[in-house]
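Participant: Quick one: the structure is below, questions incoming.
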Amino acid sequence: MKRLAKNIYIVIGLSSLMLLGSCKKWLDVQPEDKFTEKQIFATPQGISDALNGIYLDMGKSKLYGATLTGTILDILAQRYNVSALHTLTKYQTYTYDDKDVKARLDNIWTNAYINVVNANKFIKNLDVYPGVLDAQTDSLFRGEAYALRAFLQFDLLRMYGPVYSTADSLKTAIPYYTAAGIDVNPILPANEVMQKVITDLKKAESLLLADPIRTKGIVKSSDKNYLTYRNYRMNYFAVKGLQARAYLYRGDKISAAAAAKEVIDHTTKFPWITSGNILSDKSNPDRVFSTEILFGLQSLDLYDNYRAFFAPDLQDKDVLAPLDSRLKATFENNENDYRYNPNWMLTGIGGKGYKTFFKYADINDKKLIYRLTVPLIRLSEVYYIAAESEQNVAYLNTVRNNRGLLNLPGTASLTTELQKEYQKEFFGEGQLWYYYKRRNLSPIPNPLVASGNITMNATKYVFPLPLSELTPR
């Protein structure tokens, strides 16, 4: 972040806010960054807009609107039969030294850290301009900011850091930023980064104890608005889900299970989707299983990206889709699986004889809460974490039963079935790549052939640090 530290500070107070039209009048009147911050943090609405700006920026294509969910990370996980002529084909072969790939990976790094610094700046400004928010709202907003900076830097670790399940966890990984400023932080060993993630999440948890989603019942549908709806924000239970994910990555299964089970004990706040929910209105199918989302982002680019990468009217060389035989094998030819239908459909458009991905296709009702939504932490994952941590197939069966499937036979291998579940559950969400890396799996399925595998290694699992980070610090 050496270069970034020099370039980001002059815009740090403005970058997230420029996304919000309500702030344009301030920017037009007072272009000077310090004075603008004073204006923004003078009102509760201005402070709320500043935090919402971070969420909205994270939801752009450059981060979780596409790159870190449905496109790059899923290609790295060998989800799709990517044509040799596709603009993203270099990722399928892990050609990290390609100039365009390098530029994209550098862009991920830069934009993630921009949001980390914005979160730190937000926390600092709550101290610089005190007394504007009531105590509960101040605590909620701080908790969200702490959790967001942990979420972002944990994902950076999972991409650019070493394979953590090996002795390589002691190798240097990434810097971890906990304060606003222009100082360049050292690149830390992965285990130290993990400790800072855990510390931030504990802080966030303590600040979110009074979160209405924890203390009250389910939010009524009439109260739902993306930027205020607690179920989609980095709420108390999203933090517990993220803790479970982080502890499991660290290898602390006892803590992972404890965090996961706290969410499981409150499942009624994130009710399981049903087949009726999904298709109650066929023009507005809930393909993202919105009721189960612990944390999600709104991506204003979502449907443009769908049309650019997944739409059935794309040419074969441009569409991201699995071989039909691979897709059927993934879902074990079970048409009853809610994740298979209606997310995958054979339309015949463009003469295609294979199914294409519809999860992020647009819906008709532009006011529905789940329109433009990208899930980042969902209920099913905490059940998978509990199953793996306690070696208890009952948790896995609960997810299966709520996906239209029967219990596993008593002879089933939990490890094998968990891998199948990750392959089915997280299409378009990027989590399969992280699962493979956490488990240090090799081989993984080769999507270019009906059967066969790809050999993985640390070189393929670790993104190279941007060149700017490798120069003397």
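Just so we're on the same page: first chain in the structure tokens is A, next is B, and so on; residues restart at 1 for each chain, and ligands are numbered from 1 in the order they show up.
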Can you check which residues of stretch 309-414 of chain A DSSP gives as helix (DSSP H, G or I) on the backbone and send them as JSON, numbers by chain?

Facilitator: {"A": [309, 324, 325, 326, 327, 328, 329, 330, 349, 350, 351, 379, 380, 381, 382, 383, 384, 385, 386, 387, 388, 389, 390, 393, 394, 395, 396, 397, 398, 399, 400, 401, 414]}

Participant: Using only C-alpha atoms, please write the residues we just selected to a file, as a PDB file, in the first residue's frame.

Facilitator:
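Below is the file out-v9.pdb, written as the result:
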```pdb
ATOM      1  CA  PHE A 309     -21.021 -12.620 -18.761  1.00  0.00           C
ATOM      2  CA  ASP A 324     -23.615 -29.481 -19.202  1.00  0.00           C
ATOM      3  CA  SER A 325     -22.169 -32.782 -17.991  1.00  0.00           C
ATOM      4  CA  ARG A 326     -20.203 -30.981 -15.257  1.00  0.00           C
ATOM      5  CA  LEU A 327     -23.239 -29.026 -14.113  1.00  0.00           C
ATOM      6  CA  LYS A 328     -25.392 -32.151 -13.925  1.00  0.00           C
ATOM      7  CA  ALA A 329     -22.670 -33.939 -11.982  1.00  0.00           C
ATOM      8  CA  THR A 330     -22.374 -31.029  -9.530  1.00  0.00           C
ATOM      9  CA  ILE A 349     -31.494 -19.058 -27.135  1.00  0.00           C
ATOM     10  CA  GLY A 350     -28.560 -18.682 -29.492  1.00  0.00           C
ATOM     11  CA  GLY A 351     -28.758 -22.387 -30.280  1.00  0.00           C
ATOM     12  CA  LEU A 379     -27.186 -18.874   6.751  1.00  0.00           C
ATOM     13  CA  SER A 380     -26.192 -22.096   5.009  1.00  0.00           C
ATOM     14  CA  GLU A 381     -22.492 -21.338   5.450  1.00  0.00           C
ATOM     15  CA  VAL A 382     -22.712 -21.223   9.239  1.00  0.00           C
ATOM     16  CA  TYR A 383     -24.381 -24.642   9.156  1.00  0.00           C
ATOM     17  CA  TYR A 384     -21.540 -25.960   6.992  1.00  0.00           C
ATOM     18  CA  ILE A 385     -19.020 -24.477   9.437  1.00  0.00           C
ATOM     19  CA  ALA A 386     -20.789 -26.103  12.398  1.00  0.00           C
ATOM     20  CA  ALA A 387     -20.902 -29.439  10.553  1.00  0.00           C
ATOM     21  CA  GLU A 388     -17.193 -29.327   9.734  1.00  0.00           C
ATOM     22  CA  SER A 389     -16.126 -28.040  13.134  1.00  0.00           C
ATOM     23  CA  GLU A 390     -18.081 -30.618  15.121  1.00  0.00           C
ATOM     24  CA  VAL A 393     -23.810 -34.416   9.681  1.00  0.00           C
ATOM     25  CA  ALA A 394     -27.080 -33.155  11.209  1.00  0.00           C
ATOM     26  CA  TYR A 395     -26.148 -29.582  10.356  1.00  0.00           C
ATOM     27  CA  LEU A 396     -25.475 -30.567   6.774  1.00  0.00           C
ATOM     28  CA  ASN A 397     -28.776 -32.410   6.549  1.00  0.00           C
ATOM     29  CA  THR A 398     -30.606 -29.307   7.763  1.00  0.00           C
ATOM     30  CA  VAL A 399     -29.298 -27.369   4.764  1.00  0.00           C
ATOM     31  CA  ARG A 400     -30.092 -30.233   2.395  1.00  0.00           C
ATOM     32  CA  ASN A 401     -33.660 -30.498   3.731  1.00  0.00           C
ATOM     33  CA  LEU A 414     -19.003 -35.759   5.712  1.00  0.00           C
TER      34      LEU A 414
END
```

Participant: Pick out the residues sitting within 10 Å of A:Tyr303, and hand them over as JSON, numbers by chain; count only C-alpha atoms, and ignore anything fewer than 2 positions along from it in its own chain.

Facilitator: {"A": [65, 299, 300, 301, 305, 306, 307, 308, 309, 310, 311, 360, 361, 362, 363, 371, 372]}

Participant: Have a look at A:Ala103, A:Leu405, A:Ala256, A:Val319 and name the one nearest to A:Glu332; count only C-alpha atoms.

Facilitator: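 That would be A:Leu405, the residue with the smallest distance to A:Glu332.
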
Participant: Stretch 423-432 of chain A: which residues within 6 Å, counting only C-alpha atoms, same-chain residues fewer than 2 positions away excluded, as an MDAnalysis selection string?

Facilitator: chainID A and resid 68:70 73:74 420:421 434:435

Participant: Quick one, how far is atom CA of A:Asn446 from atom CA of A:Asp337?

Facilitator: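 Answer for the atom CA of A:Asn446 to atom CA of A:Asp337 separation: 23.0 Å.
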
Participant: Which one of A:Tyr91, A:Phe141, A:Phe237, A:Trp433 sits closest to A:Ile264 if you count only C-alpha atoms?

Facilitator: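 That would be A:Phe237, the residue with the smallest distance to A:Ile264.
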
Participant: Which neighbours of A:Thr89 fall inside 12 Å, counting only C-alpha atoms, when residues of the same chain fewer than 2 positions from it are skipped, and could you give them as a PyMOL selection string?

Facilitator: chain A and resi 71-72+75-76+78+80-87+91-96+98+100-101+317-320+448

Participant: Let's have the selection written as a PDB file, in the first residue's frame, with C-alpha atoms.

Facilitator:
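Listed below is the output, result-v7.pdb:
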```pdb
ATOM      1  CA  THR A  71     -16.432 -13.718 -12.352  1.00  0.00           C
ATOM      2  CA  ILE A  72     -12.750 -13.847 -11.333  1.00  0.00           C
ATOM      3  CA  ILE A  75     -13.255 -18.767 -12.709  1.00  0.00           C
ATOM      4  CA  LEU A  76     -10.265 -19.462 -10.435  1.00  0.00           C
ATOM      5  CA  GLN A  78     -12.885 -23.699 -12.170  1.00  0.00           C
ATOM      6  CA  TYR A  80     -16.931 -22.493 -15.964  1.00  0.00           C
ATOM      7  CA  ASN A  81     -15.889 -23.857 -19.321  1.00  0.00           C
ATOM      8  CA  VAL A  82     -14.126 -20.607 -20.252  1.00  0.00           C
ATOM      9  CA  SER A  83     -13.411 -20.245 -23.946  1.00  0.00           C
ATOM     10  CA  ALA A  84      -9.808 -19.684 -25.007  1.00  0.00           C
ATOM     11  CA  LEU A  85     -11.142 -16.545 -26.715  1.00  0.00           C
ATOM     12  CA  HIS A  86     -12.805 -15.151 -23.589  1.00  0.00           C
ATOM     13  CA  THR A  87     -11.393 -11.940 -22.131  1.00  0.00           C
ATOM     14  CA  TYR A  91      -7.572 -16.570 -14.919  1.00  0.00           C
ATOM     15  CA  GLN A  92      -8.626 -20.123 -15.676  1.00  0.00           C
ATOM     16  CA  THR A  93      -4.963 -20.981 -16.293  1.00  0.00           C
ATOM     17  CA  TYR A  94      -3.699 -18.920 -13.310  1.00  0.00           C
ATOM     18  CA  THR A  95      -1.555 -16.804 -15.617  1.00  0.00           C
ATOM     19  CA  TYR A  96      -0.816 -14.223 -12.950  1.00  0.00           C
ATOM     20  CA  ASP A  98      -0.075 -11.605 -17.738  1.00  0.00           C
ATOM     21  CA  ASP A 100      -3.879  -7.510 -17.831  1.00  0.00           C
ATOM     22  CA  VAL A 101      -4.218 -10.008 -14.982  1.00  0.00           C
ATOM     23  CA  LYS A 317     -17.006 -17.793 -26.662  1.00  0.00           C
ATOM     24  CA  ASP A 318     -18.264 -14.988 -24.390  1.00  0.00           C
ATOM     25  CA  VAL A 319     -20.637 -16.727 -21.990  1.00  0.00           C
ATOM     26  CA  LEU A 320     -19.523 -18.088 -18.603  1.00  0.00           C
ATOM     27  CA  LEU A 448     -12.940 -28.086 -19.656  1.00  0.00           C
TER      28      LEU A 448
END
```

Participant: If we count only C-alpha atoms, what is near A:Val263 at a cut-off of 7 Å, once residues fewer than 3 positions away on the same chain are taken out, given as a list in words?

Facilitator: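 Everything that qualifies: Phe237, Lys240, Gly241, Ala259, Ala260, His266 and Thr267 of chain A.
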
Participant: Of the candidates A:Ser165, A:Leu148, A:Leu470, A:Ser290, which shows the shortest atom-to-atom distance to A:Asp252, using only C-alpha atoms?

Facilitator: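 Of A:Ser165, A:Leu148, A:Leu470, A:Ser290, the one nearest A:Asp252, counting only C-alpha atoms, is A:Ser165.
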
Participant: Report the distance between atom CA of A:Ser451 and atom CA of A:Tyr354 in Å, rounded to one decimal place.

Facilitator: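 Separation of atom CA of A:Ser451 and atom CA of A:Tyr354: 16.7 Å.
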
Participant: Among stretch 225-429 of chain A, which residues carry a DSSP assignment of strand (DSSP E), reported as a ChimeraX atom specification?

Facilitator: /A:293-298,344-345,356-357,373-378

Participant: Grab the residues selected above and save them as a tab-separated table (two decimals), in the first residue's frame with all heavy atoms.

Facilitator:
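The resulting file, part-v7.tsv, is shown below:
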```tsv
chain	number	residue	atom	x	y	z
A	293	ILE	N	-29.90	-14.28	3.94
A	293	ILE	CA	-28.67	-13.49	3.85
A	293	ILE	C	-28.35	-12.83	5.18
A	293	ILE	O	-29.16	-12.09	5.73
A	293	ILE	CB	-28.79	-12.42	2.74
A	293	ILE	CG1	-28.92	-13.10	1.37
A	293	ILE	CG2	-27.58	-11.49	2.75
A	293	ILE	CD1	-29.18	-12.13	0.23
A	294	LEU	N	-27.15	-13.11	5.71
A	294	LEU	CA	-26.66	-12.43	6.91
A	294	LEU	C	-26.01	-11.11	6.55
A	294	LEU	O	-26.08	-10.15	7.32
A	294	LEU	CB	-25.64	-13.31	7.65
A	294	LEU	CG	-26.03	-14.74	8.03
A	294	LEU	CD1	-24.90	-15.38	8.82
A	294	LEU	CD2	-27.32	-14.77	8.80
A	295	PHE	N	-25.33	-11.07	5.42
A	295	PHE	CA	-24.70	-9.85	4.93
A	295	PHE	C	-24.69	-9.89	3.41
A	295	PHE	O	-24.29	-10.89	2.82
A	295	PHE	CB	-23.26	-9.73	5.46
A	295	PHE	CG	-22.47	-8.60	4.87
A	295	PHE	CD1	-22.98	-7.31	4.84
A	295	PHE	CD2	-21.21	-8.81	4.32
A	295	PHE	CE1	-22.25	-6.26	4.29
A	295	PHE	CE2	-20.47	-7.77	3.78
A	295	PHE	CZ	-21.00	-6.48	3.76
A	296	GLY	N	-25.17	-8.82	2.82
A	296	GLY	CA	-25.16	-8.72	1.37
A	296	GLY	C	-24.96	-7.29	0.94
A	296	GLY	O	-25.15	-6.36	1.72
A	297	LEU	N	-24.58	-7.12	-0.30
A	297	LEU	CA	-24.36	-5.79	-0.86
A	297	LEU	C	-25.29	-5.56	-2.03
A	297	LEU	O	-25.72	-6.51	-2.70
A	297	LEU	CB	-22.91	-5.63	-1.33
A	297	LEU	CG	-21.84	-5.59	-0.25
A	297	LEU	CD1	-20.45	-5.63	-0.89
A	297	LEU	CD2	-21.98	-4.36	0.64
A	298	GLN	N	-25.60	-4.31	-2.25
A	298	GLN	CA	-26.35	-3.93	-3.44
A	298	GLN	C	-25.36	-3.53	-4.52
A	298	GLN	O	-24.48	-2.70	-4.28
A	298	GLN	CB	-27.28	-2.76	-3.14
A	298	GLN	CG	-28.18	-2.40	-4.31
A	298	GLN	CD	-29.13	-1.27	-3.96
A	298	GLN	OE1	-28.71	-0.15	-3.69
A	298	GLN	NE2	-30.43	-1.55	-3.94
A	344	TRP	N	-30.53	-22.32	-13.07
A	344	TRP	CA	-29.93	-22.83	-14.30
A	344	TRP	C	-31.06	-23.25	-15.24
A	344	TRP	O	-31.91	-24.05	-14.87
A	344	TRP	CB	-29.02	-24.03	-14.00
A	344	TRP	CG	-27.87	-23.65	-13.13
A	344	TRP	CD1	-27.79	-23.72	-11.76
A	344	TRP	CD2	-26.61	-23.11	-13.56
A	344	TRP	NE1	-26.58	-23.25	-11.32
A	344	TRP	CE2	-25.83	-22.87	-12.41
A	344	TRP	CE3	-26.08	-22.80	-14.82
A	344	TRP	CZ2	-24.54	-22.34	-12.48
A	344	TRP	CZ3	-24.80	-22.28	-14.90
A	344	TRP	CH2	-24.04	-22.06	-13.73
A	345	MET	N	-31.04	-22.70	-16.44
A	345	MET	CA	-32.12	-23.00	-17.38
A	345	MET	C	-31.58	-23.24	-18.79
A	345	MET	O	-30.63	-22.59	-19.21
A	345	MET	CB	-33.14	-21.86	-17.40
A	345	MET	CG	-33.98	-21.78	-16.13
A	345	MET	SD	-35.36	-20.61	-16.27
A	345	MET	CE	-34.50	-19.08	-15.99
A	356	THR	N	-27.63	-22.14	-18.85
A	356	THR	CA	-26.89	-20.94	-18.47
A	356	THR	C	-27.38	-20.43	-17.12
A	356	THR	O	-28.45	-20.81	-16.64
A	356	THR	CB	-27.01	-19.83	-19.54
A	356	THR	OG1	-28.39	-19.59	-19.81
A	356	THR	CG2	-26.29	-20.25	-20.81
A	357	PHE	N	-26.59	-19.56	-16.53
A	357	PHE	CA	-26.75	-19.11	-15.15
A	357	PHE	C	-27.71	-17.92	-15.08
A	357	PHE	O	-27.50	-16.90	-15.72
A	357	PHE	CB	-25.36	-18.69	-14.64
A	357	PHE	CG	-25.26	-18.42	-13.17
A	357	PHE	CD1	-25.85	-19.25	-12.24
A	357	PHE	CD2	-24.52	-17.33	-12.72
A	357	PHE	CE1	-25.72	-19.00	-10.89
A	357	PHE	CE2	-24.38	-17.08	-11.37
A	357	PHE	CZ	-24.98	-17.92	-10.44
A	373	THR	N	-29.14	-7.54	-5.36
A	373	THR	CA	-28.44	-8.02	-4.16
A	373	THR	C	-27.44	-9.12	-4.48
A	373	THR	O	-27.75	-10.07	-5.19
A	373	THR	CB	-29.46	-8.54	-3.12
A	373	THR	OG1	-30.26	-7.44	-2.67
A	373	THR	CG2	-28.75	-9.16	-1.93
A	374	VAL	N	-26.24	-8.97	-3.91
A	374	VAL	CA	-25.21	-10.00	-3.98
A	374	VAL	C	-25.00	-10.54	-2.55
A	374	VAL	O	-24.60	-9.80	-1.66
A	374	VAL	CB	-23.88	-9.43	-4.51
A	374	VAL	CG1	-22.81	-10.52	-4.53
A	374	VAL	CG2	-24.07	-8.84	-5.89
A	375	PRO	N	-25.26	-11.83	-2.31
A	375	PRO	CA	-25.06	-12.39	-0.97
A	375	PRO	C	-23.57	-12.59	-0.70
A	375	PRO	O	-22.83	-13.08	-1.54
A	375	PRO	CB	-25.77	-13.75	-1.04
A	375	PRO	CG	-26.55	-13.74	-2.33
A	375	PRO	CD	-25.84	-12.80	-3.24
A	376	LEU	N	-23.12	-12.22	0.52
A	376	LEU	CA	-21.72	-12.40	0.90
A	376	LEU	C	-21.54	-13.30	2.12
A	376	LEU	O	-20.51	-13.93	2.27
A	376	LEU	CB	-21.07	-11.04	1.13
A	376	LEU	CG	-20.95	-10.15	-0.11
A	376	LEU	CD1	-20.24	-8.85	0.23
A	376	LEU	CD2	-20.21	-10.86	-1.23
A	377	ILE	N	-22.50	-13.31	3.02
A	377	ILE	CA	-22.51	-14.29	4.11
A	377	ILE	C	-23.95	-14.77	4.22
A	377	ILE	O	-24.86	-13.96	4.36
A	377	ILE	CB	-22.06	-13.69	5.46
A	377	ILE	CG1	-20.70	-13.01	5.35
A	377	ILE	CG2	-22.00	-14.78	6.54
A	377	ILE	CD1	-20.26	-12.30	6.63
A	378	ARG	N	-24.15	-16.07	4.16
A	378	ARG	CA	-25.52	-16.57	4.22
A	378	ARG	C	-25.64	-17.66	5.29
A	378	ARG	O	-24.66	-18.23	5.77
A	378	ARG	CB	-25.99	-17.07	2.87
A	378	ARG	CG	-25.15	-18.15	2.25
A	378	ARG	CD	-25.84	-18.81	1.06
A	378	ARG	NE	-26.06	-17.97	-0.10
A	378	ARG	CZ	-27.25	-17.47	-0.45
A	378	ARG	NH1	-28.31	-17.70	0.31
A	378	ARG	NH2	-27.38	-16.74	-1.54
```

Participant: With only C-alpha atoms as the basis for distance, which of A:Ser442, A:Thr228, A:Thr178, A:Ser139 is at the shortest distance from A:Leu208?

Facilitator: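 Closest to A:Leu208, using only C-alpha atoms: A:Ser139.
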
Participant: Return the single residue from A:Asn440, A:Ser206, A:Gln45, A:Asn407 that is closest to A:Ala167, with distances computed using only C-alpha atoms.

Facilitator: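 Going through A:Asn440, A:Ser206, A:Gln45, A:Asn407 one by one, the smallest distance to A:Ala167 is for A:Asn440.
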
Participant: Just the residues within 10 Å of A:Thr166, please, counting only C-alpha atoms, with nothing from its chain fewer than 2 positions along; format it as a PyMOL selection string.

Facilitator: chain A and resi 162-164+168-170+438-440
